[in-house]
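File shown: entry-v6.txt. Contents: compact mmCIF, C-alpha atoms and all ligand atoms.
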```
# COMPACT_ATOMS: atom_id res chain seq x y z
CA MET A 1 7.52 6.20 -10.17
CA ALA A 2 8.56 2.91 -11.74
CA THR A 3 12.16 3.22 -12.88
CA ILE A 4 13.44 0.68 -15.32
CA GLY A 5 16.89 -0.63 -16.26
CA ASN A 6 17.91 -4.10 -17.49
CA ASN A 7 14.51 -5.45 -16.49
CA ASN A 8 15.05 -4.27 -12.93
CA ILE A 9 12.07 -2.23 -11.96
CA ASN A 10 11.97 -0.01 -8.88
CA ALA A 11 8.40 0.73 -7.98
CA LYS A 12 7.10 2.97 -5.24
CA LEU A 13 3.95 1.44 -3.76
CA VAL A 14 1.67 3.10 -1.24
CA LEU A 15 -0.95 1.50 1.03
CA LEU A 16 -4.00 3.61 1.79
CA GLY A 17 -7.17 2.89 3.71
CA ASP A 18 -9.00 3.23 6.97
CA MET A 19 -7.21 2.79 10.27
CA GLY A 20 -7.52 -0.83 11.38
CA ALA A 21 -8.22 -2.22 7.89
CA GLY A 22 -4.97 -4.19 8.03
CA LYS A 23 -2.52 -2.21 5.90
CA SER A 24 0.43 -2.76 8.22
CA SER A 25 -0.52 -6.40 8.69
CA LEU A 26 -0.56 -6.98 4.92
CA VAL A 27 2.89 -5.44 4.56
CA LEU A 28 4.26 -7.40 7.49
CA ARG A 29 2.84 -10.63 6.04
CA PHE A 30 4.31 -9.88 2.62
CA VAL A 31 7.73 -8.64 3.76
CA LYS A 32 8.36 -10.81 6.82
CA GLY A 33 5.78 -13.59 6.71
CA GLN A 34 4.47 -12.54 10.14
CA PHE A 35 1.11 -11.62 11.65
CA PHE A 36 0.23 -10.11 15.02
CA GLU A 37 -3.27 -10.11 16.52
CA PHE A 38 -2.39 -6.83 18.21
CA GLN A 39 -0.62 -4.88 15.53
CA GLU A 40 0.56 -1.48 16.77
CA SER A 41 -1.06 1.37 14.92
CA THR A 42 1.13 3.21 12.50
CA ILE A 43 2.24 6.74 13.32
CA GLY A 44 2.81 8.84 10.22
CA ALA A 45 4.07 6.15 7.88
CA ALA A 46 6.49 3.23 7.76
CA PHE A 47 8.84 2.22 4.96
CA PHE A 48 9.72 -1.28 3.78
CA SER A 49 11.30 -2.75 0.71
CA GLN A 50 10.81 -6.13 -0.89
CA THR A 51 11.98 -7.60 -4.17
CA LEU A 52 9.98 -9.97 -6.33
CA ALA A 53 11.38 -11.99 -9.23
CA LEU A 54 9.07 -12.45 -12.18
CA ASN A 55 9.81 -14.31 -15.40
CA ASP A 56 10.69 -11.18 -17.34
CA ALA A 57 11.82 -8.77 -14.64
CA THR A 58 12.84 -8.18 -11.04
CA VAL A 59 10.62 -5.74 -9.22
CA LYS A 60 11.90 -3.94 -6.15
CA PHE A 61 8.99 -2.44 -4.26
CA GLU A 62 9.54 0.58 -2.03
CA ILE A 63 6.51 0.23 0.19
CA TRP A 64 5.04 3.15 2.10
CA ASP A 65 2.57 2.01 4.74
CA THR A 66 0.54 5.06 5.78
CA ALA A 67 -1.48 5.73 8.92
CA GLY A 68 -5.22 5.68 8.32
CA GLN A 69 -6.25 8.45 10.67
CA GLU A 70 -7.88 11.57 9.34
CA ARG A 71 -5.33 13.80 11.08
CA TYR A 72 -2.58 12.39 8.84
CA HIS A 73 -4.61 12.86 5.67
CA SER A 74 -2.70 15.95 4.59
CA LEU A 75 0.50 13.89 4.48
CA ALA A 76 -0.92 11.28 2.11
CA PRO A 77 -0.05 13.07 -1.15
CA MET A 78 3.61 12.93 -0.17
CA TYR A 79 3.32 9.14 -0.24
CA TYR A 80 1.10 8.60 -3.27
CA ARG A 81 2.65 11.31 -5.44
CA GLY A 82 4.94 9.60 -7.92
CA ALA A 83 3.85 6.16 -6.77
CA ALA A 84 3.72 3.49 -9.48
CA ALA A 85 1.20 1.45 -7.52
CA ALA A 86 -1.30 1.69 -4.70
CA ILE A 87 -3.18 -0.84 -2.60
CA ILE A 88 -6.36 0.57 -1.15
CA VAL A 89 -7.35 -1.60 1.78
CA TYR A 90 -10.69 -2.03 3.49
CA ASP A 91 -11.93 -4.49 6.09
CA ILE A 92 -14.72 -6.77 4.79
CA THR A 93 -16.35 -6.63 8.25
CA THR A 94 -17.03 -2.87 8.18
CA THR A 95 -18.98 -0.92 5.57
CA GLU A 96 -17.35 2.32 6.84
CA SER A 97 -13.94 1.06 5.79
CA PHE A 98 -15.31 0.25 2.32
CA GLU A 99 -16.75 3.78 2.05
CA ARG A 100 -13.39 5.18 3.16
CA ALA A 101 -11.68 3.09 0.48
CA LYS A 102 -13.95 4.65 -2.15
CA LYS A 103 -12.86 8.11 -0.94
CA TRP A 104 -9.24 7.11 -1.47
CA VAL A 105 -10.05 5.86 -4.94
CA GLN A 106 -11.64 9.23 -5.77
CA GLU A 107 -8.66 11.12 -4.37
CA LEU A 108 -6.21 9.08 -6.43
CA GLN A 109 -8.34 9.50 -9.54
CA LYS A 110 -8.20 13.28 -9.04
CA GLN A 111 -4.66 13.74 -7.83
CA GLY A 112 -2.64 10.59 -8.31
CA ASN A 113 -0.47 9.44 -11.18
CA PRO A 114 -2.91 8.48 -13.97
CA ASN A 115 -0.88 5.38 -14.88
CA MET A 116 -0.83 4.09 -11.33
CA VAL A 117 -1.57 0.38 -10.95
CA THR A 118 -4.23 0.34 -8.26
CA ALA A 119 -5.49 -2.65 -6.32
CA LEU A 120 -8.49 -2.83 -4.03
CA ALA A 121 -7.92 -5.27 -1.16
CA GLY A 122 -10.87 -6.54 0.87
CA ASN A 123 -8.87 -7.66 3.89
CA LYS A 124 -9.79 -9.92 6.85
CA ALA A 125 -11.35 -12.43 4.46
CA ASP A 126 -10.89 -15.02 7.22
CA LEU A 127 -13.70 -13.33 9.19
CA GLU A 128 -16.46 -14.66 6.92
CA ASP A 129 -19.02 -14.81 9.75
CA LYS A 130 -18.60 -11.06 10.38
CA ARG A 131 -18.69 -10.04 6.74
CA LYS A 132 -20.55 -6.80 5.88
CA VAL A 133 -19.22 -6.13 2.38
CA THR A 134 -19.86 -8.75 -0.28
CA ALA A 135 -17.11 -9.67 -2.71
CA GLU A 136 -19.52 -9.06 -5.55
CA GLU A 137 -20.24 -5.47 -4.52
CA ALA A 138 -16.53 -4.72 -4.22
CA ARG A 139 -15.67 -6.46 -7.51
CA THR A 140 -18.30 -4.46 -9.38
CA TYR A 141 -17.04 -1.22 -7.84
CA ALA A 142 -13.44 -2.14 -8.74
CA GLU A 143 -14.37 -2.95 -12.34
CA GLU A 144 -16.23 0.33 -12.74
CA ASN A 145 -13.23 2.24 -11.46
CA GLY A 146 -10.38 0.48 -13.26
CA LEU A 147 -8.94 -1.23 -10.20
CA PHE A 148 -8.19 -4.88 -9.74
CA PHE A 149 -9.75 -6.54 -6.76
CA MET A 150 -8.76 -9.33 -4.39
CA GLU A 151 -9.95 -10.39 -0.98
CA THR A 152 -6.97 -10.96 1.30
CA SER A 153 -6.18 -12.14 4.77
CA ALA A 154 -3.02 -10.99 6.47
CA LYS A 155 -3.88 -13.54 9.15
CA THR A 156 -4.05 -16.66 6.97
CA ALA A 157 -1.85 -15.18 4.19
CA ILE A 158 -4.54 -15.77 1.57
CA ASN A 159 -3.90 -13.69 -1.58
CA VAL A 160 -1.25 -11.56 0.11
CA ASN A 161 1.71 -12.51 -2.09
CA ASP A 162 -0.72 -12.75 -4.99
CA ILE A 163 -1.82 -9.14 -4.81
CA PHE A 164 1.78 -7.90 -4.85
CA TYR A 165 2.67 -10.28 -7.71
CA GLU A 166 -0.33 -9.10 -9.70
CA ILE A 167 0.74 -5.48 -9.22
CA ALA A 168 4.29 -6.35 -10.27
CA ARG A 169 2.96 -8.10 -13.37
CA ARG A 170 0.89 -5.06 -14.33
CA LEU A 171 3.68 -2.48 -13.96
CA PRO A 172 4.74 -1.00 -17.27
CA ARG A 173 7.82 -2.61 -18.82
CA ALA A 174 10.66 -0.85 -20.62
CA GLN A 175 9.73 0.32 -24.10
CA PRO A 176 12.99 0.42 -26.09
CA ALA A 177 11.63 2.63 -28.91
CA GLN A 178 10.80 5.45 -26.51
CA ASN A 179 13.62 4.80 -24.13
CA PRO A 180 16.72 3.69 -26.05
CA THR A 181 19.15 3.95 -23.12
CA GLY A 182 16.91 2.02 -20.78
CA MET A 183 17.49 4.66 -18.09
CA VAL A 184 14.67 6.62 -16.52
CA LEU A 185 16.21 7.32 -13.16
CA ALA A 186 14.74 10.74 -12.48
CA ASP A 187 13.59 10.02 -8.97
CA ARG A 188 15.75 11.02 -5.99
CA PRO A 189 15.07 8.57 -3.17
CA THR A 190 17.60 10.09 -0.75
CA GLU A 191 15.94 13.49 -0.91
CA ARG A 192 12.57 11.91 -0.44
CA LEU A 193 13.83 9.97 2.58
CA ARG A 194 15.28 13.17 4.05
CA LEU A 195 11.88 14.85 3.68
CA HIS A 196 10.24 11.79 5.20
CA HIS A 197 12.60 11.88 8.20
CA ALA A 198 11.78 15.54 8.73
CA VAL A 199 8.05 14.81 8.68
CA LEU A 200 8.47 11.88 11.06
CA ARG A 201 10.41 14.11 13.47
CA VAL A 202 7.52 16.56 13.52
CA LEU A 203 5.04 13.72 14.00
CA LYS A 204 7.07 12.27 16.85
CA LEU A 205 7.07 15.65 18.61
CA ASN A 206 3.32 15.77 18.19
CA HIS A 207 3.05 12.33 19.70
CA LEU A 208 5.13 12.66 22.81
CA GLY A 209 3.14 10.85 25.44
CA ALA A 210 1.13 8.82 22.93
CA THR A 211 0.95 5.13 23.69
CA GLY A 212 2.70 2.62 21.49
CA SER A 213 5.77 3.28 19.44
CA ALA A 214 5.81 3.57 15.69
CA ARG A 215 7.42 0.90 13.63
CA GLN A 216 9.22 3.43 11.53
CA GLN A 217 11.65 1.20 9.75
CA MET A 218 13.87 3.22 7.54
CA SER A 219 15.95 0.83 5.52
N1 LIG A 301 -8.74 -11.55 11.51
C1 LIG A 301 -7.91 -10.72 10.89
N2 LIG A 301 -7.39 -9.66 11.56
C2 LIG A 301 -6.55 -8.84 10.89
C3 LIG A 301 -6.19 -9.04 9.54
N3 LIG A 301 -5.36 -8.04 9.17
C4 LIG A 301 -5.19 -7.27 10.25
N4 LIG A 301 -5.90 -7.75 11.29
C5 LIG A 301 -5.98 -7.16 12.64
O1 LIG A 301 -6.61 -5.89 12.53
C6 LIG A 301 -6.01 -4.95 13.40
C7 LIG A 301 -5.53 -3.73 12.61
O2 LIG A 301 -4.49 -4.13 11.74
P1 LIG A 301 -3.37 -3.10 11.23
O3 LIG A 301 -2.48 -3.86 10.31
O4 LIG A 301 -2.73 -2.37 12.35
O5 LIG A 301 -4.29 -2.08 10.40
P2 LIG A 301 -3.88 -0.68 9.75
O6 LIG A 301 -4.30 0.40 10.71
O7 LIG A 301 -4.65 -0.60 8.47
O8 LIG A 301 -2.40 -0.71 9.52
C8 LIG A 301 -4.87 -5.69 14.13
O9 LIG A 301 -5.36 -6.11 15.39
C9 LIG A 301 -4.60 -6.89 13.24
O10 LIG A 301 -4.15 -8.00 13.96
C10 LIG A 301 -6.76 -10.17 8.86
O11 LIG A 301 -6.54 -10.43 7.68
N5 LIG A 301 -7.61 -10.96 9.59
MG MG A 302 -0.96 0.59 10.22
```
Would you write out, as structure tokens, the structure that this file holds?
Amino acid sequence: MATIGNNNINAKLVLLGDMGAGKSSLVLRFVKGQFFEFQESTIGAAFFSQTLALNDATVKFEIWDTAGQERYHSLAPMYYRGAAAAIIVYDITTTESFERAKKWVQELQKQGNPNMVTALAGNKADLEDKRKVTAEEARTYAEENGLFFMETSAKTAINVNDIFYEIARRLPRAQPAQNPTGMVLADRPTERLRLHHAVLRVLKLNHLGATGSARQQMS
């Protein structure tokens, strides 16, 4: 939920999309300015926060980077429920990832917050020679479904800051007539984090012996 006070907006943002599409890489590029060719796959989900200053407001994103695997699907609502924004990521070099992105769009349309600002990111735009999904096809799909669309590259950083800025720009601003005190702080982040920790504990138990460690950064 976007919570607003004195032009400071807290916005929960969730990344959804197929495993390997580059969700974690996009977050890492945006939050830390880094990229790894061999990004560890995400177990459960990882949390990050990043603040952006716009002309009229400061937006603090609480970013939930989810795992793309089917076996974690049932956890997804916990991350997109109450989210003010979502980035649905696919990899321009695989049509399967684009089809999976469409499934996420449908799920959010059915079950997500109807005012959610949703972006479609065609990632790995640097791999033009391996492209399978045209920008035009994705743009048309995005327009038909009320999303905004950008092709990104976590590797070269193209459009990465831009997509987060565009989301920040589109978040609803305080409306004094409906909200005279300027306070809409109904969300309880600590409780949510506690729930998240509990889920991660369960996931860790399920993954004893799995290779690679999760970057579960709880800050
Ligand atoms: N060439 C290229 N590779 C990328 C890009 N983004 C991610 N990758 C690579 O794709 C793989 C999967 O990325 P990851 O962020 O783990 O995907 P996730 O499962 O969606 O979180 C990793 O090897 C990344 O280095 C990109 O924009 N361009
Ligand atoms: Mg990941």
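The closest residue to ligand LIG 301 (chain A), picked from A:Glu62, A:Glu151, A:Asp56, A:Glu143 and counting only C-alpha atoms and all ligand atoms, is A:Glu151.
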Please build the interface table for chain A against ligand MG 302 (chain A) with a cut-off of 8 Å, listing for each qualifying residue the nearest atom pair and the distance in Å to one decimal; count all atoms listed in the file, order rows by chain and increasing number, and write it as a tab-separated table.
```
residue	atom	partner	partner_atom	distance
A:Met19	CA	A:MG302	MG	6.6
A:Gly20	CA	A:MG302	MG	6.8
A:Gly22	CA	A:MG302	MG	6.6
A:Lys23	CA	A:MG302	MG	5.4
A:Ser24	CA	A:MG302	MG	4.1
A:Ser25	CA	A:MG302	MG	7.2
A:Gln39	CA	A:MG302	MG	7.6
A:Glu40	CA	A:MG302	MG	7.0
A:Ser41	CA	A:MG302	MG	4.8
A:Thr42	CA	A:MG302	MG	4.1
A:Ile43	CA	A:MG302	MG	7.6
A:Ala45	CA	A:MG302	MG	7.9
A:Asp65	CA	A:MG302	MG	6.7
A:Thr66	CA	A:MG302	MG	6.5
A:Ala67	CA	A:MG302	MG	5.3
A:Gly68	CA	A:MG302	MG	6.9
```
Report task. May I have the protein, DNA and RNA residues with any atom at most 8 Å from the point (7.7, 4.9, -3.4), counting all atoms listed in the file, written as JSON, numbers by chain? Result -> {"A": [1, 11, 12, 13, 14, 61, 62, 63, 64, 79, 80, 82, 83, 84]}
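The residue that comes closest to ligand LIG 301 (chain A), out of A:Asp126, A:Glu136, A:Glu96, A:Glu144 and on the basis of all atoms listed in the file, is A:Asp126.
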Query raised in the report: Taking (-14.8, -8.4, 3.3) in the file's coordinates as the center, which residues reach within 8 Å of it, counting only C-alpha atoms, put as a PyMOL selection string?
Result: chain A and resi 90-94+122-125+127-128+131-135+151
Query raised in the report: Contacts of stretch 158-168 of chain A at 7 Å or less, counting all atoms listed in the file, minus same-chain residues fewer than 6 places along, as a list of chain:residue names?
Result: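 Once the adjacent positions are removed, what remains is A:Leu26, A:Phe30, A:Val59, A:Val117, A:Met150, A:Glu151, A:Thr152.
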**Report entry** Shortest interatomic distance to ligand LIG 301 (chain A) - which of A:Leu108, A:Ala121, A:Phe36, A:Val27, counting only C-alpha atoms and all ligand atoms
**Finding:** A:Phe36
Query - Separation of atom CA of A:Ala154 from atom O9 of ligand LIG 301 (chain A) in Å - result: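 Computing it gives 10.4 Å between the two atoms.
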Query raised in the report: Suppose you want the space between atom CA of A:Tyr72 and atom O7 of ligand LIG 301 (chain A); what is it in Å?
Result: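 It comes out at 13.2 Å.
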Requested in this report: Between atom CA of A:Ser153 and atom CA of A:Thr95, measure the distance and give it in Å to one decimal.
Outcome: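 Between these atoms lies a distance of 17.0 Å.
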**Report entry** Residue nearest A:Val31 among A:Thr156, A:Thr118, A:Ser97, A:Thr51 (counting all atoms listed in the file)
**Finding:**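 Among the listed residues, A:Thr51 lies closest to A:Val31.
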Requested in this report: Between A:Ala157, A:Leu120, A:Ile9, A:Ala85, single out the one closest to A:Lys60, counting only C-alpha atoms.
Outcome: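 Result for the nearest residue to A:Lys60: A:Ile9.
With only C-alpha atoms and all ligand atoms as the basis for measurement, A:Lys155 is the residue among A:Thr58, A:Lys155, A:Arg173, A:Tyr141 that approaches ligand LIG 301 (chain A) most closely.
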How about completing stretch 156-168 of chain A with N, CA and C atoms and giving it to me as a PDB file, in the coordinates of the input?
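File produced: result28.pdb:
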```pdb
ATOM      1  N   THR A 156      -4.299 -15.327   7.547  1.00  0.00           N
ATOM      2  CA  THR A 156      -4.050 -16.660   6.970  1.00  0.00           C
ATOM      3  C   THR A 156      -3.105 -16.612   5.777  1.00  0.00           C
ATOM      4  N   ALA A 157      -2.752 -15.422   5.342  1.00  0.00           N
ATOM      5  CA  ALA A 157      -1.850 -15.180   4.190  1.00  0.00           C
ATOM      6  C   ALA A 157      -2.541 -15.355   2.839  1.00  0.00           C
ATOM      7  N   ILE A 158      -3.843 -15.593   2.845  1.00  0.00           N
ATOM      8  CA  ILE A 158      -4.540 -15.770   1.570  1.00  0.00           C
ATOM      9  C   ILE A 158      -4.431 -14.527   0.689  1.00  0.00           C
ATOM     10  N   ASN A 159      -3.996 -14.742  -0.543  1.00  0.00           N
ATOM     11  CA  ASN A 159      -3.900 -13.690  -1.580  1.00  0.00           C
ATOM     12  C   ASN A 159      -2.946 -12.545  -1.258  1.00  0.00           C
ATOM     13  N   VAL A 160      -2.128 -12.682  -0.228  1.00  0.00           N
ATOM     14  CA  VAL A 160      -1.250 -11.560   0.110  1.00  0.00           C
ATOM     15  C   VAL A 160      -0.092 -11.464  -0.895  1.00  0.00           C
ATOM     16  N   ASN A 161       0.668 -12.558  -1.059  1.00  0.00           N
ATOM     17  CA  ASN A 161       1.710 -12.510  -2.090  1.00  0.00           C
ATOM     18  C   ASN A 161       1.090 -12.253  -3.454  1.00  0.00           C
ATOM     19  N   ASP A 162      -0.075 -12.850  -3.675  1.00  0.00           N
ATOM     20  CA  ASP A 162      -0.720 -12.750  -4.990  1.00  0.00           C
ATOM     21  C   ASP A 162      -1.008 -11.317  -5.401  1.00  0.00           C
ATOM     22  N   ILE A 163      -1.447 -10.510  -4.441  1.00  0.00           N
ATOM     23  CA  ILE A 163      -1.820  -9.140  -4.810  1.00  0.00           C
ATOM     24  C   ILE A 163      -0.557  -8.346  -5.198  1.00  0.00           C
ATOM     25  N   PHE A 164       0.541  -8.590  -4.493  1.00  0.00           N
ATOM     26  CA  PHE A 164       1.780  -7.900  -4.850  1.00  0.00           C
ATOM     27  C   PHE A 164       2.329  -8.418  -6.187  1.00  0.00           C
ATOM     28  N   TYR A 165       2.217  -9.726  -6.430  1.00  0.00           N
ATOM     29  CA  TYR A 165       2.670 -10.280  -7.710  1.00  0.00           C
ATOM     30  C   TYR A 165       1.850  -9.719  -8.868  1.00  0.00           C
ATOM     31  N   GLU A 166       0.543  -9.607  -8.635  1.00  0.00           N
ATOM     32  CA  GLU A 166      -0.330  -9.100  -9.700  1.00  0.00           C
ATOM     33  C   GLU A 166       0.014  -7.644 -10.024  1.00  0.00           C
ATOM     34  N   ILE A 167       0.309  -6.860  -8.978  1.00  0.00           N
ATOM     35  CA  ILE A 167       0.740  -5.480  -9.220  1.00  0.00           C
ATOM     36  C   ILE A 167       2.037  -5.481 -10.023  1.00  0.00           C
ATOM     37  N   ALA A 168       2.988  -6.301  -9.590  1.00  0.00           N
ATOM     38  CA  ALA A 168       4.290  -6.350 -10.270  1.00  0.00           C
ATOM     39  C   ALA A 168       4.103  -6.708 -11.749  1.00  0.00           C
TER      40      ALA A 168
END
```
